[in-house]
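File shown: target-v1.pdb (PDB, C-alpha atoms).
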```
ATOM      1  CA  MET A   1     -11.447  15.309 -17.127
ATOM      2  CA  VAL A   2      -8.098  16.608 -15.901
ATOM      3  CA  TRP A   3      -4.798  15.669 -17.478
ATOM      4  CA  SER A   4      -1.417  16.891 -16.384
ATOM      5  CA  PRO A   5       2.118  15.917 -17.375
ATOM      6  CA  LYS A   6       3.983  14.404 -14.449
ATOM      7  CA  SER A   7       7.363  14.758 -16.129
ATOM      8  CA  ALA A   8       8.826  15.018 -19.612
ATOM      9  CA  THR A   9       8.772  11.225 -19.950
ATOM     10  CA  ASN A  10       5.862  10.188 -17.754
ATOM     11  CA  ALA A  11       2.322  11.445 -18.254
ATOM     12  CA  TYR A  12      -0.827  10.356 -16.470
ATOM     13  CA  LEU A  13      -4.555  10.826 -16.755
ATOM     14  CA  ASP A  14      -6.818  11.635 -13.803
ATOM     15  CA  THR A  15     -10.492  11.115 -14.522
ATOM     16  CA  LEU A  16     -12.860  13.310 -12.518
ATOM     17  CA  LYS A  17     -16.451  14.394 -12.888
ATOM     18  CA  LEU A  18     -15.538  16.972 -15.492
ATOM     19  CA  HIS A  19     -17.209  15.360 -18.454
ATOM     20  CA  SER A  20     -20.822  14.589 -19.194
ATOM     21  CA  GLN A  21     -22.939  13.015 -21.924
ATOM     22  CA  ASN A  22     -26.602  13.861 -22.404
ATOM     23  CA  GLN A  23     -29.458  12.040 -24.098
ATOM     24  CA  ASP A  24     -28.662  13.760 -27.407
ATOM     25  CA  ASN A  25     -25.212  12.100 -27.450
ATOM     26  CA  ILE A  26     -23.468  15.407 -26.835
ATOM     27  CA  LEU A  27     -20.244  14.844 -24.926
ATOM     28  CA  SER A  28     -18.970  17.789 -22.872
ATOM     29  CA  ILE A  29     -15.303  17.731 -21.880
ATOM     30  CA  VAL A  30     -13.074  19.994 -19.815
ATOM     31  CA  LEU A  31      -9.384  19.216 -20.187
ATOM     32  CA  SER A  32      -6.986  20.739 -17.660
ATOM     33  CA  SER A  33      -3.210  20.768 -17.549
ATOM     34  CA  PRO A  34      -0.405  22.692 -15.827
ATOM     35  CA  TYR A  35       0.724  25.281 -18.332
ATOM     36  CA  THR A  36       3.564  27.692 -18.873
ATOM     37  CA  SER A  37       3.762  27.828 -22.682
ATOM     38  CA  GLY A  38       3.181  25.707 -25.777
ATOM     39  CA  TRP A  39       0.056  23.666 -26.479
ATOM     40  CA  VAL A  40      -2.055  20.895 -24.942
ATOM     41  CA  GLY A  41      -4.169  18.456 -26.931
ATOM     42  CA  ILE A  42      -6.539  15.503 -26.734
ATOM     43  CA  ALA A  43      -7.171  13.243 -29.735
ATOM     44  CA  PHE A  44      -9.920  10.734 -30.452
ATOM     45  CA  SER A  45      -8.604   7.635 -32.216
ATOM     46  CA  ASN A  46     -10.212   4.527 -33.679
ATOM     47  CA  ASP A  47      -7.250   2.230 -33.027
ATOM     48  CA  GLY A  48      -5.140   3.938 -30.361
ATOM     49  CA  MET A  49      -2.743   5.352 -32.948
ATOM     50  CA  MET A  50      -1.975   8.977 -33.631
ATOM     51  CA  THR A  51      -2.174   8.655 -37.404
ATOM     52  CA  GLY A  52      -5.750   9.076 -38.587
ATOM     53  CA  SER A  53      -7.045  10.569 -35.350
ATOM     54  CA  SER A  54      -8.699  13.952 -34.784
ATOM     55  CA  ALA A  55      -7.548  16.246 -31.980
ATOM     56  CA  MET A  56      -8.677  19.302 -30.079
ATOM     57  CA  VAL A  57      -5.636  21.463 -29.296
ATOM     58  CA  GLY A  58      -5.484  24.595 -27.174
ATOM     59  CA  TRP A  59      -2.769  27.158 -26.455
ATOM     60  CA  ILE A  60      -2.091  30.757 -25.503
ATOM     61  CA  GLY A  61      -0.421  32.791 -28.226
ATOM     62  CA  ASN A  62       2.516  35.123 -27.714
ATOM     63  CA  GLU A  63       0.107  38.068 -27.864
ATOM     64  CA  GLY A  64      -1.903  36.576 -24.994
ATOM     65  CA  ARG A  65      -4.805  35.391 -27.137
ATOM     66  CA  ALA A  66      -6.354  31.980 -26.419
ATOM     67  CA  TYR A  67      -6.725  29.466 -29.257
ATOM     68  CA  ILE A  68      -8.499  26.127 -29.581
ATOM     69  CA  LYS A  69      -8.531  24.330 -32.929
ATOM     70  CA  GLN A  70      -9.363  20.920 -34.329
ATOM     71  CA  PHE A  71      -6.520  19.141 -36.151
ATOM     72  CA  TYR A  72      -6.550  16.078 -38.369
ATOM     73  CA  LEU A  73      -3.432  14.038 -37.593
ATOM     74  CA  GLY A  74      -2.475  12.462 -40.893
ATOM     75  CA  GLY A  75       0.946  11.429 -39.548
ATOM     76  CA  GLN A  76       3.530  12.198 -36.904
ATOM     77  CA  THR A  77       5.105  15.227 -38.548
ATOM     78  CA  SER A  78       4.047  18.861 -38.184
ATOM     79  CA  SER A  79       3.101  19.152 -41.831
ATOM     80  CA  GLN A  80       0.667  16.240 -41.475
ATOM     81  CA  ALA A  81      -1.274  17.895 -38.645
ATOM     82  CA  VAL A  82      -3.896  19.837 -40.638
ATOM     83  CA  VAL A  83      -5.723  22.635 -38.844
ATOM     84  CA  ASN A  84      -9.530  22.986 -39.047
ATOM     85  CA  LYS A  85      -9.817  19.436 -40.333
ATOM     86  CA  GLY A  86     -10.906  16.262 -38.606
ATOM     87  CA  ASN A  87     -13.755  13.871 -37.940
ATOM     88  CA  LEU A  88     -14.980  15.438 -34.703
ATOM     89  CA  LEU A  89     -18.378  17.119 -34.969
ATOM     90  CA  LEU A  90     -18.476  20.138 -32.656
ATOM     91  CA  SER A  91     -21.797  20.864 -31.001
ATOM     92  CA  SER A  92     -23.513  24.120 -31.924
ATOM     93  CA  ASP A  93     -24.787  24.538 -28.375
ATOM     94  CA  ALA A  94     -21.504  25.940 -27.059
ATOM     95  CA  ALA A  95     -18.378  27.210 -28.773
ATOM     96  CA  PRO A  96     -15.033  25.651 -27.744
ATOM     97  CA  SER A  97     -13.078  27.819 -25.329
ATOM     98  CA  VAL A  98      -9.707  28.056 -23.622
ATOM     99  CA  VAL A  99      -9.076  29.660 -20.247
ATOM    100  CA  LEU A 100      -5.747  30.248 -18.521
ATOM    101  CA  TYR A 101      -6.275  30.316 -14.766
ATOM    102  CA  GLY A 102      -3.215  30.579 -12.584
ATOM    103  CA  ALA A 103      -0.709  27.912 -13.595
ATOM    104  CA  SER A 104      -3.302  25.779 -15.427
ATOM    105  CA  ILE A 105      -4.929  25.869 -18.837
ATOM    106  CA  TYR A 106      -8.496  24.627 -19.397
ATOM    107  CA  LEU A 107      -9.876  23.413 -22.723
ATOM    108  CA  ALA A 108     -13.684  23.141 -22.846
ATOM    109  CA  PHE A 109     -15.651  21.820 -25.806
ATOM    110  CA  GLN A 110     -18.688  19.743 -26.772
ATOM    111  CA  LEU A 111     -18.787  16.961 -29.358
ATOM    112  CA  LYS A 112     -21.834  15.547 -31.096
ATOM    113  CA  PHE A 113     -21.957  11.782 -31.760
ATOM    114  CA  GLN A 114     -24.410   9.571 -33.590
ATOM    115  CA  ALA A 115     -24.607   7.103 -30.704
ATOM    116  CA  PRO A 116     -23.687   7.100 -27.016
ATOM    117  CA  VAL A 117     -19.927   7.038 -26.493
ATOM    118  CA  THR A 118     -18.690   4.267 -24.202
ATOM    119  CA  ARG A 119     -15.088   3.086 -24.375
ATOM    120  CA  GLN A 120     -12.939   5.341 -26.514
ATOM    121  CA  ALA A 121      -9.221   5.439 -27.342
ATOM    122  CA  LEU A 122      -7.841   8.832 -26.320
ATOM    123  CA  LEU A 123      -4.408  10.302 -26.950
ATOM    124  CA  PHE A 124      -2.940  13.122 -24.868
ATOM    125  CA  ALA A 125       0.079  15.212 -25.757
ATOM    126  CA  TYR A 126       1.677  18.521 -24.938
ATOM    127  CA  SER A 127       4.532  20.723 -26.061
ATOM    128  CA  THR A 128       6.241  23.665 -24.413
ATOM    129  CA  THR A 129       6.698  25.367 -27.799
ATOM    130  CA  PRO A 130       3.602  27.166 -29.138
ATOM    131  CA  PRO A 131       2.362  26.553 -32.697
ATOM    132  CA  MET A 132       3.621  28.818 -35.453
ATOM    133  CA  ASN A 133       1.020  29.785 -38.064
ATOM    134  CA  TYR A 134      -1.241  26.995 -36.753
ATOM    135  CA  ARG A 135       1.465  24.390 -37.333
ATOM    136  CA  LEU A 136       1.905  22.174 -34.303
ATOM    137  CA  THR A 137       5.392  21.759 -32.937
ATOM    138  CA  GLU A 138       6.615  18.298 -31.947
ATOM    139  CA  HIS A 139       5.170  17.115 -28.639
ATOM    140  CA  ASP A 140       7.370  16.812 -25.559
ATOM    141  CA  ASP A 141       5.357  13.915 -24.176
ATOM    142  CA  LYS A 142       2.366  11.760 -25.064
ATOM    143  CA  THR A 143       0.229   8.983 -23.675
ATOM    144  CA  SER A 144      -2.708   6.891 -24.831
ATOM    145  CA  VAL A 145      -5.555   5.413 -22.820
ATOM    146  CA  SER A 146      -8.803   3.581 -23.357
ATOM    147  CA  PHE A 147     -11.380   5.637 -21.481
ATOM    148  CA  ASP A 148     -14.928   4.608 -20.582
ATOM    149  CA  PHE A 149     -17.432   7.466 -20.957
ATOM    150  CA  SER A 150     -20.356   5.327 -19.792
ATOM    151  CA  PRO A 151     -22.422   6.984 -17.054
ATOM    152  CA  GLY A 152     -20.747   6.404 -13.687
ATOM    153  CA  ALA A 153     -17.904   4.366 -15.179
ATOM    154  CA  SER A 154     -15.179   6.964 -14.838
ATOM    155  CA  ALA A 155     -16.167   8.727 -11.638
ATOM    156  CA  SER A 156     -14.192   6.275  -9.527
ATOM    157  CA  THR A 157     -11.569   5.474 -12.112
ATOM    158  CA  SER A 158      -8.029   6.768 -11.916
ATOM    159  CA  THR A 159      -5.799   5.794 -14.811
ATOM    160  CA  SER A 160      -2.036   5.950 -14.960
ATOM    161  CA  PRO A 161       0.774   4.068 -16.708
ATOM    162  CA  SER A 162       0.841   1.637 -13.794
ATOM    163  CA  SER A 163      -2.919   1.030 -13.810
ATOM    164  CA  SER A 164      -3.406  -1.498 -16.570
ATOM    165  CA  SER A 165      -6.878  -2.503 -15.398
ATOM    166  CA  SER A 166      -8.427   0.818 -16.350
ATOM    167  CA  SER A 167      -6.248   2.001 -19.228
ATOM    168  CA  SER A 168      -4.731   0.629 -22.386
ATOM    169  CA  PHE A 169      -1.624   2.574 -23.374
ATOM    170  CA  TYR A 170      -0.522   2.432 -26.968
ATOM    171  CA  PRO A 171       2.679   0.353 -27.100
ATOM    172  CA  TYR A 172       4.978   2.832 -28.832
ATOM    173  CA  GLU A 173       8.080   0.904 -27.770
ATOM    174  CA  LEU A 174       6.655  -2.315 -29.219
ATOM    175  CA  LYS A 175       5.980  -0.510 -32.504
ATOM    176  CA  ARG A 176       9.564   0.793 -32.606
ATOM    177  CA  ASN A 177      10.936  -2.675 -31.862
ATOM    178  CA  HIS A 178       8.799  -4.201 -34.599
ATOM    179  CA  GLY A 179      10.049  -1.667 -37.136
ATOM    180  CA  ALA A 180      13.701  -1.815 -36.085
ATOM    181  CA  LEU A 181      13.872  -5.622 -36.039
ATOM    182  CA  ALA A 182      12.089  -5.955 -39.381
ATOM    183  CA  MET A 183      14.275  -3.315 -40.996
ATOM    184  CA  PHE A 184      17.538  -4.816 -39.732
ATOM    185  CA  GLY A 185      16.618  -8.450 -40.346
ATOM    186  CA  TRP A 186      14.647  -8.349 -43.601
ATOM    187  CA  GLY A 187      16.029  -5.069 -44.917
ATOM    188  CA  VAL A 188      19.749  -5.319 -44.115
ATOM    189  CA  LEU A 189      21.089  -8.744 -43.120
ATOM    190  CA  LEU A 190      19.149 -10.897 -45.596
ATOM    191  CA  PRO A 191      20.065  -8.710 -48.606
ATOM    192  CA  VAL A 192      23.721  -8.753 -47.471
ATOM    193  CA  GLY A 193      23.607 -12.544 -47.232
ATOM    194  CA  ALA A 194      22.175 -12.752 -50.743
ATOM    195  CA  ILE A 195      24.913 -10.439 -52.047
ATOM    196  CA  VAL A 196      27.579 -12.693 -50.518
ATOM    197  CA  ALA A 197      26.058 -15.761 -52.184
ATOM    198  CA  ARG A 198      25.940 -14.228 -55.652
ATOM    199  CA  TYR A 199      29.133 -12.217 -55.898
ATOM    200  CA  PHE A 200      31.714 -13.930 -53.692
ATOM    201  CA  ARG A 201      31.536 -17.543 -54.836
ATOM    202  CA  ARG A 202      35.208 -17.490 -55.820
ATOM    203  CA  ARG A 203      36.031 -17.609 -52.105
ATOM    204  CA  ASP A 204      34.759 -21.132 -51.641
ATOM    205  CA  PRO A 205      33.767 -22.392 -49.063
ATOM    206  CA  LEU A 206      33.947 -19.101 -47.132
ATOM    207  CA  TRP A 207      31.080 -17.564 -49.105
ATOM    208  CA  TYR A 208      28.823 -20.482 -48.257
ATOM    209  CA  HIS A 209      29.460 -20.356 -44.507
ATOM    210  CA  LEU A 210      29.008 -16.574 -44.458
ATOM    211  CA  HIS A 211      25.821 -16.873 -46.493
ATOM    212  CA  VAL A 212      24.324 -19.472 -44.166
ATOM    213  CA  ILE A 213      25.270 -17.621 -40.974
ATOM    214  CA  ILE A 214      24.061 -14.221 -42.185
ATOM    215  CA  GLN A 215      20.798 -15.619 -43.544
ATOM    216  CA  PHE A 216      19.996 -17.561 -40.365
ATOM    217  CA  VAL A 217      20.742 -14.577 -38.139
ATOM    218  CA  GLY A 218      18.760 -12.273 -40.441
ATOM    219  CA  PHE A 219      15.806 -14.669 -40.498
ATOM    220  CA  LEU A 220      15.777 -14.976 -36.693
ATOM    221  CA  ILE A 221      15.855 -11.194 -36.277
ATOM    222  CA  GLY A 222      13.168 -10.804 -38.937
ATOM    223  CA  LEU A 223      11.113 -13.489 -37.177
ATOM    224  CA  ALA A 224      11.450 -11.555 -33.915
ATOM    225  CA  GLY A 225      10.172  -8.480 -35.766
ATOM    226  CA  ALA A 226       7.200 -10.477 -37.056
ATOM    227  CA  VAL A 227       6.423 -11.722 -33.534
ATOM    228  CA  ALA A 228       6.562  -8.125 -32.300
ATOM    229  CA  GLY A 229       4.202  -7.158 -35.117
ATOM    230  CA  ILE A 230       1.736  -9.892 -34.119
ATOM    231  CA  ALA A 231       1.897  -8.739 -30.495
ATOM    232  CA  LEU A 232       1.331  -5.156 -31.653
ATOM    233  CA  TYR A 233      -1.722  -6.192 -33.686
ATOM    234  CA  ASN A 234      -3.139  -8.106 -30.713
ATOM    235  CA  ARG A 235      -2.806  -4.951 -28.617
ATOM    236  CA  VAL A 236      -4.293  -2.349 -30.957
ATOM    237  CA  HIS A 237      -5.985  -4.354 -33.790
ATOM    238  CA  SER A 238      -4.868  -1.864 -36.431
ATOM    239  CA  ASN A 239      -6.676  -2.275 -39.723
ATOM    240  CA  PHE A 240      -3.589  -2.404 -41.978
ATOM    241  CA  THR A 241      -4.496  -5.534 -43.930
ATOM    242  CA  THR A 242      -2.012  -4.998 -46.786
ATOM    243  CA  HIS A 243       0.968  -4.584 -44.469
ATOM    244  CA  ARG A 244      -0.084  -7.500 -42.277
ATOM    245  CA  GLY A 245      -0.857  -9.765 -45.259
ATOM    246  CA  LEU A 246       2.488  -9.001 -46.919
ATOM    247  CA  GLY A 247       4.268  -9.649 -43.623
ATOM    248  CA  VAL A 248       2.670 -13.073 -43.266
ATOM    249  CA  PHE A 249       3.477 -13.983 -46.890
ATOM    250  CA  ILE A 250       7.110 -12.856 -46.511
ATOM    251  CA  LEU A 251       7.434 -14.886 -43.312
ATOM    252  CA  VAL A 252       6.118 -17.955 -45.147
ATOM    253  CA  LEU A 253       8.636 -17.438 -47.965
ATOM    254  CA  GLY A 254      11.460 -17.028 -45.448
ATOM    255  CA  SER A 255      10.404 -20.175 -43.607
ATOM    256  CA  LEU A 256      10.370 -22.109 -46.892
ATOM    257  CA  GLN A 257      13.919 -20.920 -47.559
ATOM    258  CA  VAL A 258      15.042 -22.235 -44.183
ATOM    259  CA  ILE A 259      13.316 -25.569 -44.789
ATOM    260  CA  ALA A 260      14.878 -25.751 -48.259
ATOM    261  CA  PHE A 261      18.334 -25.445 -46.709
ATOM    262  CA  PHE A 262      17.839 -28.701 -44.802
ATOM    263  CA  LEU A 263      16.470 -30.374 -47.949
ATOM    264  CA  ARG A 264      19.332 -29.207 -50.175
ATOM    265  CA  PRO A 265      20.271 -32.009 -52.606
ATOM    266  CA  ASP A 266      23.846 -32.954 -53.445
ATOM    267  CA  LYS A 267      25.617 -31.264 -56.326
ATOM    268  CA  GLU A 268      25.532 -34.504 -58.319
ATOM    269  CA  SER A 269      21.761 -34.824 -57.931
ATOM    270  CA  LYS A 270      19.624 -34.340 -61.042
ATOM    271  CA  ILE A 271      17.198 -32.113 -59.167
ATOM    272  CA  ARG A 272      19.903 -29.803 -57.841
ATOM    273  CA  LYS A 273      19.412 -27.288 -60.657
ATOM    274  CA  TYR A 274      15.691 -27.103 -59.913
ATOM    275  CA  TRP A 275      16.448 -26.567 -56.222
ATOM    276  CA  ASN A 276      18.863 -23.778 -57.158
ATOM    277  CA  TRP A 277      16.225 -22.140 -59.357
ATOM    278  CA  TYR A 278      13.650 -22.318 -56.589
ATOM    279  CA  HIS A 279      16.054 -21.087 -53.897
ATOM    280  CA  HIS A 280      17.268 -18.111 -55.931
ATOM    281  CA  TRP A 281      13.927 -16.806 -57.147
ATOM    282  CA  VAL A 282      11.943 -17.365 -53.962
ATOM    283  CA  GLY A 283      14.705 -15.566 -52.075
ATOM    284  CA  ARG A 284      14.651 -12.637 -54.491
ATOM    285  CA  LEU A 285      10.861 -12.413 -54.272
ATOM    286  CA  ALA A 286      11.017 -12.414 -50.464
ATOM    287  CA  LEU A 287      13.640  -9.647 -50.410
ATOM    288  CA  PHE A 288      11.716  -7.489 -52.882
ATOM    289  CA  LEU A 289       8.442  -7.848 -50.967
ATOM    290  CA  ALA A 290      10.258  -7.209 -47.688
ATOM    291  CA  ALA A 291      11.608  -3.910 -49.015
ATOM    292  CA  VAL A 292       8.126  -2.901 -50.150
ATOM    293  CA  ASN A 293       6.575  -3.874 -46.813
ATOM    294  CA  ILE A 294       9.214  -2.041 -44.778
ATOM    295  CA  ALA A 295       8.531   1.148 -46.726
ATOM    296  CA  LEU A 296       4.791   0.581 -46.311
ATOM    297  CA  GLY A 297       5.209   0.031 -42.577
ATOM    298  CA  ILE A 298       7.201   3.242 -42.191
ATOM    299  CA  GLN A 299       4.472   5.137 -44.029
ATOM    300  CA  ILE A 300       1.386   3.773 -42.265
ATOM    301  CA  GLY A 301       3.116   3.781 -38.887
ATOM    302  CA  GLY A 302       3.838   7.503 -39.156
ATOM    303  CA  ALA A 303       7.466   6.802 -38.270
ATOM    304  CA  GLY A 304       8.663  10.230 -39.344
ATOM    305  CA  ASP A 305      11.450  11.594 -41.509
ATOM    306  CA  THR A 306      14.287  10.007 -39.519
ATOM    307  CA  TRP A 307      13.107   6.466 -40.214
ATOM    308  CA  LYS A 308      12.498   7.308 -43.865
ATOM    309  CA  ALA A 309      15.976   8.801 -44.218
ATOM    310  CA  VAL A 310      17.702   5.865 -42.490
ATOM    311  CA  TYR A 311      15.941   3.225 -44.566
ATOM    312  CA  GLY A 312      16.354   5.287 -47.730
ATOM    313  CA  ILE A 313      20.114   5.453 -47.145
ATOM    314  CA  LEU A 314      20.330   1.721 -46.379
ATOM    315  CA  LEU A 315      18.315   0.846 -49.472
ATOM    316  CA  ALA A 316      20.403   3.161 -51.643
ATOM    317  CA  VAL A 317      23.661   1.630 -50.376
ATOM    318  CA  ILE A 318      22.383  -1.880 -51.075
ATOM    319  CA  LEU A 319      21.133  -1.014 -54.577
ATOM    320  CA  ILE A 320      24.335   0.809 -55.516
ATOM    321  CA  SER A 321      26.440  -2.084 -54.205
ATOM    322  CA  VAL A 322      24.383  -4.617 -56.172
ATOM    323  CA  THR A 323      24.660  -2.523 -59.342
ATOM    324  CA  VAL A 324      28.447  -2.190 -59.073
ATOM    325  CA  LEU A 325      28.954  -5.861 -58.181
ATOM    326  CA  GLU A 326      26.623  -7.024 -60.965
ATOM    327  CA  ILE A 327      28.526  -4.998 -63.571
ATOM    328  CA  ALA A 328      31.827  -6.395 -62.293
ATOM    329  CA  PHE A 329      30.318  -9.892 -62.307
ATOM    330  CA  TRP A 330      29.377  -9.727 -65.988
ATOM    331  CA  VAL A 331      32.598  -8.017 -67.008
ATOM    332  CA  ARG A 332      34.580 -10.712 -65.240
TER     333      ARG A 332
END
```
Would you mind writing the structure in this file as structure tokens?
Amino acid sequence: MVWSPKSATNAYLDTLKLHSQNQDNILSIVLSSPYTSGWVGIAFSNDGMMTGSSAMVGWIGNEGRAYIKQFYLGGQTSSQAVVNKGNLLLSSDAAPSVVLYGASIYLAFQLKFQAPVTRQALLFAYSTTPPMNYRLTEHDDKTSVSFDFSPGASASTSTSPSSSSSSSFYPYELKRNHGALAMFGWGVLLPVGAIVARYFRRRDPLWYHLHVIIQFVGFLIGLAGAVAGIALYNRVHSNFTTHRGLGVFILVLGSLQVIAFFLRPDKESKIRKYWNWYHHWVGRLALFLAAVNIALGIQIGGAGDTWKAVYGILLAVILISVTVLEIAFWVR
């Protein structure tokens, strides 16, 4: 198996007769890549995602020594890539090795499996900065494929980002879109619309029109995020039942709020107070669960410190604003 980065933003996988699998379910792999510095790695994943996968990573140290280590990728940050951990069982028949030959680096290793390996989600990544104290630096590029190790299946297979018939690339952009839309719709616009409704009623009817417009736009953006999440699940079938279940429940609550708007009784109606009670508390429940699910999605998606910082700042601004406005509301 030979992998080489085509550019900093476009990687491809060439499958050659450089892997084998014997009757004892021992898989032998040789990974090759153009190399100047840094590290090169291949990860075995259950769902096509980096988080939770185990990787074999090789590099040449500054002193000229070759290294190859297994890492458990608990997330997308350097601190979550734990050296000498992982779910890959190395065969005792041959020790892993790294060879630098000319302008290429070769990683060779054998893995022992309980059953024959057929189609497997593989992740490839590289960085031009070598690890420091066995801590991986952030990768410069990455790609994900679904590779068939069945005998004879890969000998004539060439996979690349444009070859969808033989590879299944993890939709990183779709994951980012899902997170960004959900965060902006459910985590920003809908809370702002609720704030307008509670604290700016003196500006009637402006508050009402702003509330309706903001909530409808926020719901549509949040709905787009949910659709992106469904598409993402259909692509990778990630086993995040809590996040998915909360997302579905929040979407149901949001849909009920939209339906309730069209069924809003007149102010003189006897049931108006019950409608108000329902509308207020269902909305608050939806916003609270949305905040929890956004934080959960950032965590399980391995979004990194930037996403955590951005959402933490947004959430802090909203909570501080609500606290100040609530105090002013009761004082007034």
Margin query: I'd like the residues picked by the PyMOL selection byres ((chain A and resi 96-108) around 9) written out as number ranges by chain, using the chain letters and numbers from the file.
Written below: A: 2, 28-36, 40-41, 56-60, 66-69, 90-91, 94-95, 109-110
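Under the PyMOL selection byres ((chain A and resi 300) around 10), the matching residues in the shown file are Thr51, Gly52, Gly74, Gly75, Phe240, His243, Ala295, Leu296, Gly297, Ile298, Gln299, Gly301, Gly302 and Ala303 of chain A.
Closest approach to Phe216 of chain A among A:Phe261, A:Tyr172, A:Phe329, A:Phe200: A:Phe261, based on only C-alpha atoms.
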Leaving out Gly193 of chain A and any residue of its chain fewer than 3 positions from it, which residues lie within 6 Å of it when counting only C-alpha atoms, given as a PDB file with C-alpha atoms, in the frame of the given file?
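File written: result01.pdb
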```
ATOM      1  CA  LEU A 190      19.149 -10.897 -45.596  1.00  0.00           C
ATOM      2  CA  VAL A 196      27.579 -12.693 -50.518  1.00  0.00           C
ATOM      3  CA  HIS A 211      25.821 -16.873 -46.493  1.00  0.00           C
ATOM      4  CA  ILE A 214      24.061 -14.221 -42.185  1.00  0.00           C
ATOM      5  CA  GLN A 215      20.798 -15.619 -43.544  1.00  0.00           C
TER       6      GLN A 215
END
```
Could you give me the centre and size, in Å to one decimal, of an axis-aligned box around all listed atoms of segment 88-102 of chain A with 8 Å added on every side, as JSON?
```
{"center_x": -14.0, "center_y": 23.0, "center_z": -23.8, "size_x": 37.6, "size_y": 31.1, "size_z": 38.4}
```
Margin query: So that I can see what lies close to Asn62 of chain A, please list as a PyMOL selection string the residues with an atom at most 9 Å from it, counting all atoms listed in the file and leaving out residues fewer than 2 positions away in the same chain.
Written below: chain A and resi 37+60+64-65+130
Taking the file above as input, evaluate the PyMOL selection byres ((chain A and resi 50) around 8) and report the hits as a CSV table (one decimal) with C-alpha atoms, keeping the file's coordinate frame.
```csv
chain,number,residue,atom,x,y,z
A,43,ALA,CA,-7.2,13.2,-29.7
A,45,SER,CA,-8.6,7.6,-32.2
A,48,GLY,CA,-5.1,3.9,-30.4
A,49,MET,CA,-2.7,5.4,-32.9
A,51,THR,CA,-2.2,8.7,-37.4
A,52,GLY,CA,-5.8,9.1,-38.6
A,53,SER,CA,-7.0,10.6,-35.4
A,73,LEU,CA,-3.4,14.0,-37.6
A,75,GLY,CA,0.9,11.4,-39.5
A,76,GLN,CA,3.5,12.2,-36.9
A,123,LEU,CA,-4.4,10.3,-27.0
```
Exercise: segment 225-227 of chain A partners within 8 Å, all atoms listed in the file, chain neighbours under 6 positions left out, as a compact mmCIF listing (two decimals) with C-alpha atoms, in the coordinates of the input:
```
# COMPACT_ATOMS: atom_id res chain seq x y z
CA ASN A 177 10.94 -2.68 -31.86
CA HIS A 178 8.80 -4.20 -34.60
CA GLY A 179 10.05 -1.67 -37.14
CA ALA A 180 13.70 -1.82 -36.08
CA LEU A 181 13.87 -5.62 -36.04
CA ALA A 182 12.09 -5.96 -39.38
CA GLY A 185 16.62 -8.45 -40.35
CA GLY A 247 4.27 -9.65 -43.62
CA LEU A 251 7.43 -14.89 -43.31
```
Check: Need the neighbours of (-10.1, 25.6, -41.3): which residues are at most 10 Å away, counting all atoms listed in the file, as a PyMOL selection string?
Finding: chain A and resi 69-71+82-86
Checklist line | Polymer residues at most 6 Å from (8.6, -13.0, -48.0) by all atoms listed in the file, as a PyMOL selection string | finding: chain A and resi 249-251+253-254+286+289
Next item on the list: Please identify all polymer residues within 12 Å of Pro265 of chain A, counting only C-alpha atoms, omitting same-chain residues fewer than 5 positions from it, and present them as a VMD selection string.
Entry: chain A and resid 260 270 to 276 279
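Distance-wise, atom CA of Val292 of chain A and atom CA of Asp305 of chain A end up 17.2 Å apart.
The gap separating atom CA of Thr137 of chain A from atom CA of Thr306 of chain A is 16.1 Å, in Å to one decimal.
The space separating atom CA of Ser150 of chain A from atom CA of Tyr126 of chain A comes to 26.2 Å.
Distances from A:Arg235, A:Arg203, A:Thr77, A:Val282 to Gly304 of chain A were compared using all atoms listed in the file, and the smallest one belongs to A:Thr77.
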Check: What lies within 6 Å of Gly38 of chain A using only C-alpha atoms, ignoring chain neighbours under 5 positions off, as a PyMOL selection string?
Finding: chain A and resi 127-130
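Counting all atoms listed in the file and comparing A:Val252, A:Ile26, A:Leu122, A:Met132, the residue that lies closest to Ser92 of chain A is A:Ile26.
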